[in-house]
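S.K.: Below is upload03.pdb; it holds PDB, C-alpha atoms, pLDDT in the B column.
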```pdb
ATOM      1  CA  MET A1180     -20.554   7.479   0.410  1.00 97.00           C
ATOM      2  CA  LEU A1181     -17.234   7.301  -1.367  1.00 98.00           C
ATOM      3  CA  VAL A1182     -16.420   4.502  -3.795  1.00 98.00           C
ATOM      4  CA  ARG A1183     -12.924   4.004  -5.100  1.00 98.00           C
ATOM      5  CA  HIS A1184     -12.937   2.372  -8.509  1.00 98.00           C
ATOM      6  CA  GLY A1185     -11.798  -1.222  -8.972  1.00 98.00           C
ATOM      7  CA  GLU A1186      -8.291  -2.249  -9.861  1.00 98.00           C
ATOM      8  CA  THR A1187      -6.613  -1.212 -13.123  1.00 98.00           C
ATOM      9  CA  ALA A1188      -3.347  -2.535 -14.538  1.00 98.00           C
ATOM     10  CA  TRP A1189      -1.553   0.583 -13.318  1.00 97.00           C
ATOM     11  CA  SER A1190      -3.072   0.604  -9.819  1.00 96.00           C
ATOM     12  CA  ALA A1191      -2.059  -3.048  -9.495  1.00 96.00           C
ATOM     13  CA  ASN A1192       1.604  -2.202 -10.039  1.00 96.00           C
ATOM     14  CA  GLY A1193       1.712   1.189  -8.315  1.00 96.00           C
ATOM     15  CA  ARG A1194       1.908   3.446 -11.357  1.00 97.00           C
ATOM     16  CA  HIS A1195       0.481   6.925 -10.827  1.00 97.00           C
ATOM     17  CA  THR A1196      -2.713   6.961 -12.858  1.00 96.00           C
ATOM     18  CA  GLY A1197      -4.233  10.402 -13.095  1.00 96.00           C
ATOM     19  CA  ARG A1198      -5.924  11.311 -16.363  1.00 94.00           C
ATOM     20  CA  THR A1199      -4.876   8.212 -18.329  1.00 96.00           C
ATOM     21  CA  ASP A1200      -8.179   6.482 -19.067  1.00 97.00           C
ATOM     22  CA  LEU A1201      -7.537   2.818 -18.265  1.00 97.00           C
ATOM     23  CA  PRO A1202     -10.169   0.063 -18.049  1.00 98.00           C
ATOM     24  CA  LEU A1203     -10.684  -2.177 -15.050  1.00 98.00           C
ATOM     25  CA  THR A1204      -8.735  -5.423 -14.882  1.00 98.00           C
ATOM     26  CA  PRO A1205     -10.726  -8.668 -14.447  1.00 98.00           C
ATOM     27  CA  ARG A1206      -9.996  -8.362 -10.714  1.00 98.00           C
ATOM     28  CA  GLY A1207     -11.220  -4.742 -10.843  1.00 98.00           C
ATOM     29  CA  VAL A1208     -14.468  -5.907 -12.435  1.00 98.00           C
ATOM     30  CA  GLU A1209     -14.874  -8.462  -9.630  1.00 98.00           C
ATOM     31  CA  GLU A1210     -14.189  -5.780  -7.020  1.00 98.00           C
ATOM     32  CA  ALA A1211     -16.810  -3.494  -8.562  1.00 98.00           C
ATOM     33  CA  ILE A1212     -19.429  -6.251  -8.754  1.00 98.00           C
ATOM     34  CA  SER A1213     -18.712  -7.171  -5.134  1.00 97.00           C
ATOM     35  CA  LEU A1214     -19.828  -3.675  -4.061  1.00 97.00           C
ATOM     36  CA  ALA A1215     -23.392  -4.214  -5.311  1.00 96.00           C
ATOM     37  CA  PRO A1216     -24.697  -5.415  -1.896  1.00 95.00           C
ATOM     38  CA  PHE A1217     -23.916  -1.973  -0.462  1.00 93.00           C
ATOM     39  CA  PHE A1218     -26.363  -0.411  -2.893  1.00 93.00           C
ATOM     40  CA  HIS A1219     -28.896  -3.221  -3.488  1.00 89.00           C
ATOM     41  CA  ASP A1220     -31.688  -1.729  -1.386  1.00 86.00           C
ATOM     42  CA  SER A1221     -30.696   1.924  -1.576  1.00 84.00           C
ATOM     43  CA  ARG A1222     -31.864   4.699  -3.808  1.00 88.00           C
ATOM     44  CA  PRO A1223     -29.177   7.366  -3.638  1.00 95.00           C
ATOM     45  CA  ALA A1224     -30.401  10.908  -4.122  1.00 95.00           C
ATOM     46  CA  LEU A1225     -27.352  11.638  -6.258  1.00 97.00           C
ATOM     47  CA  VAL A1226     -24.582   9.580  -7.857  1.00 98.00           C
ATOM     48  CA  LEU A1227     -21.590  11.424  -9.285  1.00 98.00           C
ATOM     49  CA  THR A1228     -18.682   9.734 -11.042  1.00 98.00           C
ATOM     50  CA  SER A1229     -15.353  10.776 -12.393  1.00 98.00           C
ATOM     51  CA  PRO A1230     -15.577  11.016 -16.186  1.00 98.00           C
ATOM     52  CA  LEU A1231     -12.906   8.307 -16.511  1.00 98.00           C
ATOM     53  CA  ARG A1232     -14.149   4.858 -17.532  1.00 97.00           C
ATOM     54  CA  ARG A1233     -12.679   3.023 -14.541  1.00 98.00           C
ATOM     55  CA  ALA A1234     -14.963   5.030 -12.240  1.00 98.00           C
ATOM     56  CA  ALA A1235     -18.034   4.945 -14.502  1.00 97.00           C
ATOM     57  CA  ALA A1236     -17.660   1.178 -15.002  1.00 98.00           C
ATOM     58  CA  THR A1237     -17.304   0.633 -11.247  1.00 98.00           C
ATOM     59  CA  ALA A1238     -20.507   2.569 -10.621  1.00 98.00           C
ATOM     60  CA  GLU A1239     -22.422   0.592 -13.219  1.00 97.00           C
ATOM     61  CA  LEU A1240     -21.121  -2.803 -12.068  1.00 97.00           C
ATOM     62  CA  ALA A1241     -21.953  -1.912  -8.453  1.00 97.00           C
ATOM     63  CA  GLY A1242     -25.549  -1.216  -9.489  1.00 96.00           C
ATOM     64  CA  LEU A1243     -25.349   2.566  -9.255  1.00 96.00           C
ATOM     65  CA  THR A1244     -27.379   3.598 -12.278  1.00 88.00           C
ATOM     66  CA  GLY A1245     -27.873   7.138 -13.457  1.00 90.00           C
ATOM     67  CA  GLY A1246     -24.488   8.409 -12.329  1.00 93.00           C
ATOM     68  CA  GLU A1247     -23.592  11.862 -13.601  1.00 97.00           C
ATOM     69  CA  PRO A1248     -20.010  12.500 -14.710  1.00 98.00           C
ATOM     70  CA  ASP A1249     -18.441  15.385 -12.804  1.00 98.00           C
ATOM     71  CA  PRO A1250     -15.065  16.735 -13.970  1.00 98.00           C
ATOM     72  CA  ASP A1251     -14.253  17.832 -10.421  1.00 98.00           C
ATOM     73  CA  LEU A1252     -13.975  14.115  -9.523  1.00 98.00           C
ATOM     74  CA  TYR A1253     -11.016  13.434 -11.844  1.00 98.00           C
ATOM     75  CA  GLU A1254      -7.966  11.912 -10.181  1.00 98.00           C
ATOM     76  CA  TRP A1255      -5.025  14.123  -9.194  1.00 98.00           C
ATOM     77  CA  ASP A1256      -3.205  15.180 -12.346  1.00 98.00           C
ATOM     78  CA  TYR A1257       0.278  13.718 -11.793  1.00 98.00           C
ATOM     79  CA  GLY A1258       1.885  15.783 -14.557  1.00 97.00           C
ATOM     80  CA  GLY A1259       5.349  14.473 -15.419  1.00 97.00           C
ATOM     81  CA  TYR A1260       4.879  11.559 -13.004  1.00 98.00           C
ATOM     82  CA  GLU A1261       1.916  10.093 -14.906  1.00 97.00           C
ATOM     83  CA  GLY A1262       2.535   6.361 -15.315  1.00 97.00           C
ATOM     84  CA  ILE A1263       5.600   6.396 -13.028  1.00 97.00           C
ATOM     85  CA  THR A1264       5.878   4.474  -9.740  1.00 97.00           C
ATOM     86  CA  THR A1265       6.972   5.997  -6.443  1.00 97.00           C
ATOM     87  CA  ALA A1266      10.002   3.656  -6.447  1.00 97.00           C
ATOM     88  CA  GLU A1267      11.096   5.067  -9.834  1.00 97.00           C
ATOM     89  CA  ILE A1268      10.679   8.651  -8.630  1.00 98.00           C
ATOM     90  CA  ARG A1269      12.670   7.937  -5.474  1.00 97.00           C
ATOM     91  CA  ARG A1270      15.698   6.866  -7.521  1.00 97.00           C
ATOM     92  CA  THR A1271      16.356  10.572  -8.111  1.00 95.00           C
ATOM     93  CA  THR A1272      14.434  12.066  -5.153  1.00 95.00           C
ATOM     94  CA  PRO A1273      14.838   9.564  -2.281  1.00 96.00           C
ATOM     95  CA  ASP A1274      12.389  11.201   0.127  1.00 96.00           C
ATOM     96  CA  TRP A1275       9.749  12.082  -2.487  1.00 98.00           C
ATOM     97  CA  SER A1276       6.095  12.128  -1.439  1.00 97.00           C
ATOM     98  CA  LEU A1277       3.190  13.346  -3.517  1.00 97.00           C
ATOM     99  CA  TRP A1278       1.826  15.060  -0.410  1.00 97.00           C
ATOM    100  CA  THR A1279       4.934  17.140   0.298  1.00 95.00           C
ATOM    101  CA  HIS A1280       6.832  17.407  -2.996  1.00 96.00           C
ATOM    102  CA  GLY A1281       4.025  17.497  -5.541  1.00 96.00           C
ATOM    103  CA  VAL A1282       4.592  16.745  -9.212  1.00 97.00           C
ATOM    104  CA  PRO A1283       6.555  18.308 -12.067  1.00 97.00           C
ATOM    105  CA  PRO A1284       4.682  19.663 -15.087  1.00 96.00           C
ATOM    106  CA  GLY A1285       3.954  17.173 -17.835  1.00 95.00           C
ATOM    107  CA  ASP A1286       2.671  17.531 -21.385  1.00 93.00           C
ATOM    108  CA  THR A1287      -0.465  19.421 -22.430  1.00 92.00           C
ATOM    109  CA  GLU A1288      -2.696  16.479 -21.452  1.00 90.00           C
ATOM    110  CA  HIS A1289      -0.971  16.116 -18.062  1.00 92.00           C
ATOM    111  CA  PRO A1290       0.035  19.613 -16.886  1.00 96.00           C
ATOM    112  CA  GLY A1291       0.065  18.531 -13.231  1.00 97.00           C
ATOM    113  CA  GLU A1292      -1.759  19.797 -10.152  1.00 97.00           C
ATOM    114  CA  SER A1293      -0.807  20.905  -6.670  1.00 98.00           C
ATOM    115  CA  ALA A1294      -2.531  19.603  -3.548  1.00 98.00           C
ATOM    116  CA  ALA A1295      -4.256  22.996  -3.272  1.00 98.00           C
ATOM    117  CA  GLN A1296      -5.679  22.656  -6.794  1.00 98.00           C
ATOM    118  CA  VAL A1297      -7.009  19.163  -6.029  1.00 98.00           C
ATOM    119  CA  GLY A1298      -8.403  20.542  -2.770  1.00 98.00           C
ATOM    120  CA  ALA A1299     -10.241  23.288  -4.677  1.00 98.00           C
ATOM    121  CA  ARG A1300     -11.888  20.652  -6.891  1.00 98.00           C
ATOM    122  CA  ALA A1301     -12.833  18.646  -3.788  1.00 98.00           C
ATOM    123  CA  ASP A1302     -14.343  21.766  -2.241  1.00 98.00           C
ATOM    124  CA  ARG A1303     -16.445  22.334  -5.376  1.00 98.00           C
ATOM    125  CA  ALA A1304     -17.663  18.722  -5.284  1.00 98.00           C
ATOM    126  CA  LEU A1305     -18.576  19.044  -1.601  1.00 98.00           C
ATOM    127  CA  ALA A1306     -20.424  22.306  -2.327  1.00 98.00           C
ATOM    128  CA  ARG A1307     -22.345  20.591  -5.132  1.00 97.00           C
ATOM    129  CA  VAL A1308     -23.580  17.768  -2.882  1.00 97.00           C
ATOM    130  CA  ALA A1309     -24.273  19.931   0.205  1.00 95.00           C
ATOM    131  CA  PRO A1310     -27.817  21.003  -0.822  1.00 96.00           C
ATOM    132  CA  VAL A1311     -28.763  17.378  -1.558  1.00 95.00           C
ATOM    133  CA  LEU A1312     -27.489  16.274   1.840  1.00 91.00           C
ATOM    134  CA  ARG A1313     -29.248  19.170   3.599  1.00 90.00           C
ATOM    135  CA  ALA A1314     -32.521  18.189   1.914  1.00 90.00           C
ATOM    136  CA  ASP A1315     -32.039  14.714   3.466  1.00 85.00           C
ATOM    137  CA  ASP A1316     -33.454  13.011   0.359  1.00 83.00           C
ATOM    138  CA  GLY A1317     -31.009  10.114   0.574  1.00 87.00           C
ATOM    139  CA  ASP A1318     -27.356   9.263   0.265  1.00 92.00           C
ATOM    140  CA  VAL A1319     -24.924  10.882  -2.120  1.00 97.00           C
ATOM    141  CA  VAL A1320     -22.436   8.490  -3.726  1.00 98.00           C
ATOM    142  CA  LEU A1321     -19.191   9.709  -5.270  1.00 98.00           C
ATOM    143  CA  VAL A1322     -17.326   7.184  -7.444  1.00 98.00           C
ATOM    144  CA  ALA A1323     -13.800   8.335  -8.089  1.00 98.00           C
ATOM    145  CA  HIS A1324     -10.107   7.775  -7.423  1.00 98.00           C
ATOM    146  CA  GLY A1325      -7.793   7.113  -4.497  1.00 98.00           C
ATOM    147  CA  HIS A1326      -5.825  10.330  -4.105  1.00 98.00           C
ATOM    148  CA  PHE A1327      -8.751  12.552  -5.030  1.00 98.00           C
ATOM    149  CA  LEU A1328     -11.065  10.887  -2.510  1.00 98.00           C
ATOM    150  CA  ARG A1329      -8.380  11.133   0.160  1.00 98.00           C
ATOM    151  CA  VAL A1330      -8.120  14.888  -0.449  1.00 98.00           C
ATOM    152  CA  LEU A1331     -11.917  15.191  -0.477  1.00 98.00           C
ATOM    153  CA  THR A1332     -12.058  13.395   2.884  1.00 98.00           C
ATOM    154  CA  ALA A1333      -9.494  15.786   4.348  1.00 98.00           C
ATOM    155  CA  ARG A1334     -11.464  18.779   3.107  1.00 98.00           C
ATOM    156  CA  TYR A1335     -14.735  17.319   4.435  1.00 98.00           C
ATOM    157  CA  LEU A1336     -13.067  16.971   7.841  1.00 98.00           C
ATOM    158  CA  ARG A1337     -11.912  20.615   7.555  1.00 98.00           C
ATOM    159  CA  LEU A1338      -8.268  19.637   7.133  1.00 98.00           C
ATOM    160  CA  GLU A1339      -5.746  20.878   4.592  1.00 98.00           C
ATOM    161  CA  PRO A1340      -5.598  18.887   1.317  1.00 98.00           C
ATOM    162  CA  GLU A1341      -2.176  17.464   2.247  1.00 98.00           C
ATOM    163  CA  HIS A1342      -3.751  15.706   5.215  1.00 98.00           C
ATOM    164  CA  GLY A1343      -5.295  13.297   2.715  1.00 98.00           C
ATOM    165  CA  ARG A1344      -2.042  11.349   3.201  1.00 98.00           C
ATOM    166  CA  LEU A1345      -3.556  10.051   6.444  1.00 98.00           C
ATOM    167  CA  PHE A1346      -6.349   8.126   4.706  1.00 98.00           C
ATOM    168  CA  LEU A1347      -5.075   5.075   2.836  1.00 97.00           C
ATOM    169  CA  LEU A1348      -7.739   3.998   0.354  1.00 97.00           C
ATOM    170  CA  ARG A1349      -7.812   0.614  -1.393  1.00 97.00           C
ATOM    171  CA  THR A1350      -9.367  -0.157  -4.787  1.00 97.00           C
ATOM    172  CA  GLY A1351     -12.911  -1.489  -4.873  1.00 97.00           C
ATOM    173  CA  THR A1352     -13.943  -0.125  -1.478  1.00 98.00           C
ATOM    174  CA  VAL A1353     -16.742   1.924   0.051  1.00 98.00           C
ATOM    175  CA  SER A1354     -16.141   4.582   2.684  1.00 98.00           C
ATOM    176  CA  VAL A1355     -18.737   6.654   4.510  1.00 97.00           C
ATOM    177  CA  LEU A1356     -18.498  10.276   5.567  1.00 97.00           C
ATOM    178  CA  SER A1357     -21.131  11.401   8.025  1.00 96.00           C
ATOM    179  CA  ALA A1358     -21.722  13.801  10.917  1.00 94.00           C
ATOM    180  CA  GLU A1359     -22.011  13.442  14.655  1.00 96.00           C
ATOM    181  CA  HIS A1360     -23.506  16.305  16.666  1.00 96.00           C
ATOM    182  CA  GLY A1361     -23.098  18.526  13.620  1.00 91.00           C
ATOM    183  CA  LEU A1362     -19.409  17.761  13.167  1.00 96.00           C
ATOM    184  CA  PRO A1363     -17.941  15.870  10.183  1.00 97.00           C
ATOM    185  CA  VAL A1364     -16.746  12.311  10.897  1.00 98.00           C
ATOM    186  CA  ILE A1365     -15.659   9.160   9.093  1.00 98.00           C
ATOM    187  CA  ALA A1366     -18.328   6.515   9.728  1.00 97.00           C
ATOM    188  CA  GLY A1367     -16.688   3.736   7.684  1.00 97.00           C
ATOM    189  CA  TRP A1368     -13.457   3.330   5.751  1.00 98.00           C
ATOM    190  CA  ASN A1369     -12.076   0.894   3.145  1.00 96.00           C
ATOM    191  CA  THR A1370     -15.078  -1.393   3.512  1.00 95.00           C
ATOM    192  CA  ARG A1371     -15.598  -4.431   1.315  1.00 91.00           C
ATOM    193  CA  PRO A1372     -18.455  -6.932   1.551  1.00 82.00           C
TER     194      PRO A1372
END
```
Could you express the structure from this file as structure tokens?
M.R.:
Amino acid sequence: MLVRHGETAWSANGRHTGRTDLPLTPRGVEEAISLAPFFHDSRPALVLTSPLRRAAATAELAGLTGGEPDPDLYEWDYGGYEGITTAEIRRTTPDWSLWTHGVPPGDTEHPGESAAQVGARADRALARVAPVLRADDGDVVLVAHGHFLRVLTARYLRLEPEHGRLFLLRTGTVSVLSAEHGLPVIAGWNTRP
């Protein structure tokens, strides 16, 4: 199960929010609390969260206790585009897309990542949860960020990281990756109670 964190001030206005550690807005808190029915009667075998507080707070408010922070679940590092909107970027690069153009380097805290680098982190996260899923001890819940979870979904489906562009993901939602006849599938997407 994939959980995208609730709304932040920057996600509300379209600013690229990678490693900047923002809190949830009041609406983001409401979104996170609204996810609790998904997990009320479940006992996940493993809960992993991004180390950033917007993801950890979402997990806690949704009733997912005992989540372990995993640095592989950080959001895409947007480098020099951290805090910038797509509209602002397109003033100088009209056809810019994160998925095709990437990001310029930023400062030491925001060096930037390529889609391949984000894909490598997603692959490590998937490898970490694979033994738990094979043991069939219960669900695995990953609480993280929009672009990262989109890349992780692409990698789960055996697609290139850039194919994450196909999976729009809203704040405060639950999505479910599963398998059918041994093949990876999406069983639910952008679900809210």
S.K.: Could you tell me how far atom CA of A:Ala1235 sits from atom CA of A:Phe1327, in Å to one decimal place?
M.R.: 15.3 Å
S.K.: Taking the file as I've supplied it (selection: the PyMOL selection byres ((chain A and resi 1272-1281) around 8)), which residues are included? Please answer as a CSV table (one decimal) with C-alpha atoms, keeping the file's coordinate frame.
M.R.:
```csv
chain,number,residue,atom,x,y,z
A,1265,THR,CA,7.0,6.0,-6.4
A,1268,ILE,CA,10.7,8.7,-8.6
A,1269,ARG,CA,12.7,7.9,-5.5
A,1270,ARG,CA,15.7,6.9,-7.5
A,1271,THR,CA,16.4,10.6,-8.1
A,1282,VAL,CA,4.6,16.7,-9.2
A,1283,PRO,CA,6.6,18.3,-12.1
A,1292,GLU,CA,-1.8,19.8,-10.2
A,1293,SER,CA,-0.8,20.9,-6.7
A,1294,ALA,CA,-2.5,19.6,-3.5
A,1341,GLU,CA,-2.2,17.5,2.2
A,1342,HIS,CA,-3.8,15.7,5.2
A,1343,GLY,CA,-5.3,13.3,2.7
A,1344,ARG,CA,-2.0,11.3,3.2
```
S.K.: Within 12 Å of A:Ala1323, counting only C-alpha atoms, which residues show up once you throw out same-chain ones fewer than 3 positions away? Write them as a PyMOL selection string, please.
M.R.: chain A and resi 1180-1185+1197-1198+1226-1238+1246-1255+1301+1304+1320+1326-1331+1348-1354
S.K.: Next, write the just-selected residues to a file, as a compact mmCIF listing (two decimals), in the frame of the given file, keeping C-alpha atoms as the atom set.
M.R.:
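Saved file again-v8.txt follows:
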```
# COMPACT_ATOMS: atom_id res chain seq x y z
CA MET A 1180 -20.55 7.48 0.41
CA LEU A 1181 -17.23 7.30 -1.37
CA VAL A 1182 -16.42 4.50 -3.80
CA ARG A 1183 -12.92 4.00 -5.10
CA HIS A 1184 -12.94 2.37 -8.51
CA GLY A 1185 -11.80 -1.22 -8.97
CA GLY A 1197 -4.23 10.40 -13.10
CA ARG A 1198 -5.92 11.31 -16.36
CA VAL A 1226 -24.58 9.58 -7.86
CA LEU A 1227 -21.59 11.42 -9.28
CA THR A 1228 -18.68 9.73 -11.04
CA SER A 1229 -15.35 10.78 -12.39
CA PRO A 1230 -15.58 11.02 -16.19
CA LEU A 1231 -12.91 8.31 -16.51
CA ARG A 1232 -14.15 4.86 -17.53
CA ARG A 1233 -12.68 3.02 -14.54
CA ALA A 1234 -14.96 5.03 -12.24
CA ALA A 1235 -18.03 4.94 -14.50
CA ALA A 1236 -17.66 1.18 -15.00
CA THR A 1237 -17.30 0.63 -11.25
CA ALA A 1238 -20.51 2.57 -10.62
CA GLY A 1246 -24.49 8.41 -12.33
CA GLU A 1247 -23.59 11.86 -13.60
CA PRO A 1248 -20.01 12.50 -14.71
CA ASP A 1249 -18.44 15.38 -12.80
CA PRO A 1250 -15.06 16.74 -13.97
CA ASP A 1251 -14.25 17.83 -10.42
CA LEU A 1252 -13.98 14.12 -9.52
CA TYR A 1253 -11.02 13.43 -11.84
CA GLU A 1254 -7.97 11.91 -10.18
CA TRP A 1255 -5.03 14.12 -9.19
CA ALA A 1301 -12.83 18.65 -3.79
CA ALA A 1304 -17.66 18.72 -5.28
CA VAL A 1320 -22.44 8.49 -3.73
CA HIS A 1326 -5.82 10.33 -4.11
CA PHE A 1327 -8.75 12.55 -5.03
CA LEU A 1328 -11.06 10.89 -2.51
CA ARG A 1329 -8.38 11.13 0.16
CA VAL A 1330 -8.12 14.89 -0.45
CA LEU A 1331 -11.92 15.19 -0.48
CA LEU A 1348 -7.74 4.00 0.35
CA ARG A 1349 -7.81 0.61 -1.39
CA THR A 1350 -9.37 -0.16 -4.79
CA GLY A 1351 -12.91 -1.49 -4.87
CA THR A 1352 -13.94 -0.12 -1.48
CA VAL A 1353 -16.74 1.92 0.05
CA SER A 1354 -16.14 4.58 2.68
```
S.K.: What is the distance, in Å and to one decimal place, between atom CA of A:Arg1313 and atom CA of A:Ala1333?
M.R.: 20.1 Å
S.K.: In Å, with one decimal, what is the gap from atom CA of A:Ser1221 to atom CA of A:Pro1363?
M.R.: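 Here the two named atoms are 22.3 Å from each other.
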S.K.: Starting from the PyMOL selection byres ((chain A and resi 1372) around 10), expand the selection into actual residues of this file and give them as a list of chain:residue names.
M.R.: A:Glu1210, A:Ser1213, A:Leu1214, A:Ala1215, A:Pro1216, A:Phe1217, A:Thr1352, A:Val1353, A:Thr1370, A:Arg1371
S.K.: Mind checking which residues fall within 12 Å of A:Asp1315, counting all atoms listed in the file, ignoring those fewer than 6 positions away in the same chain, and posting them as JSON, numbers by chain?
M.R.: {"A": [1223, 1224, 1225, 1308, 1309]}
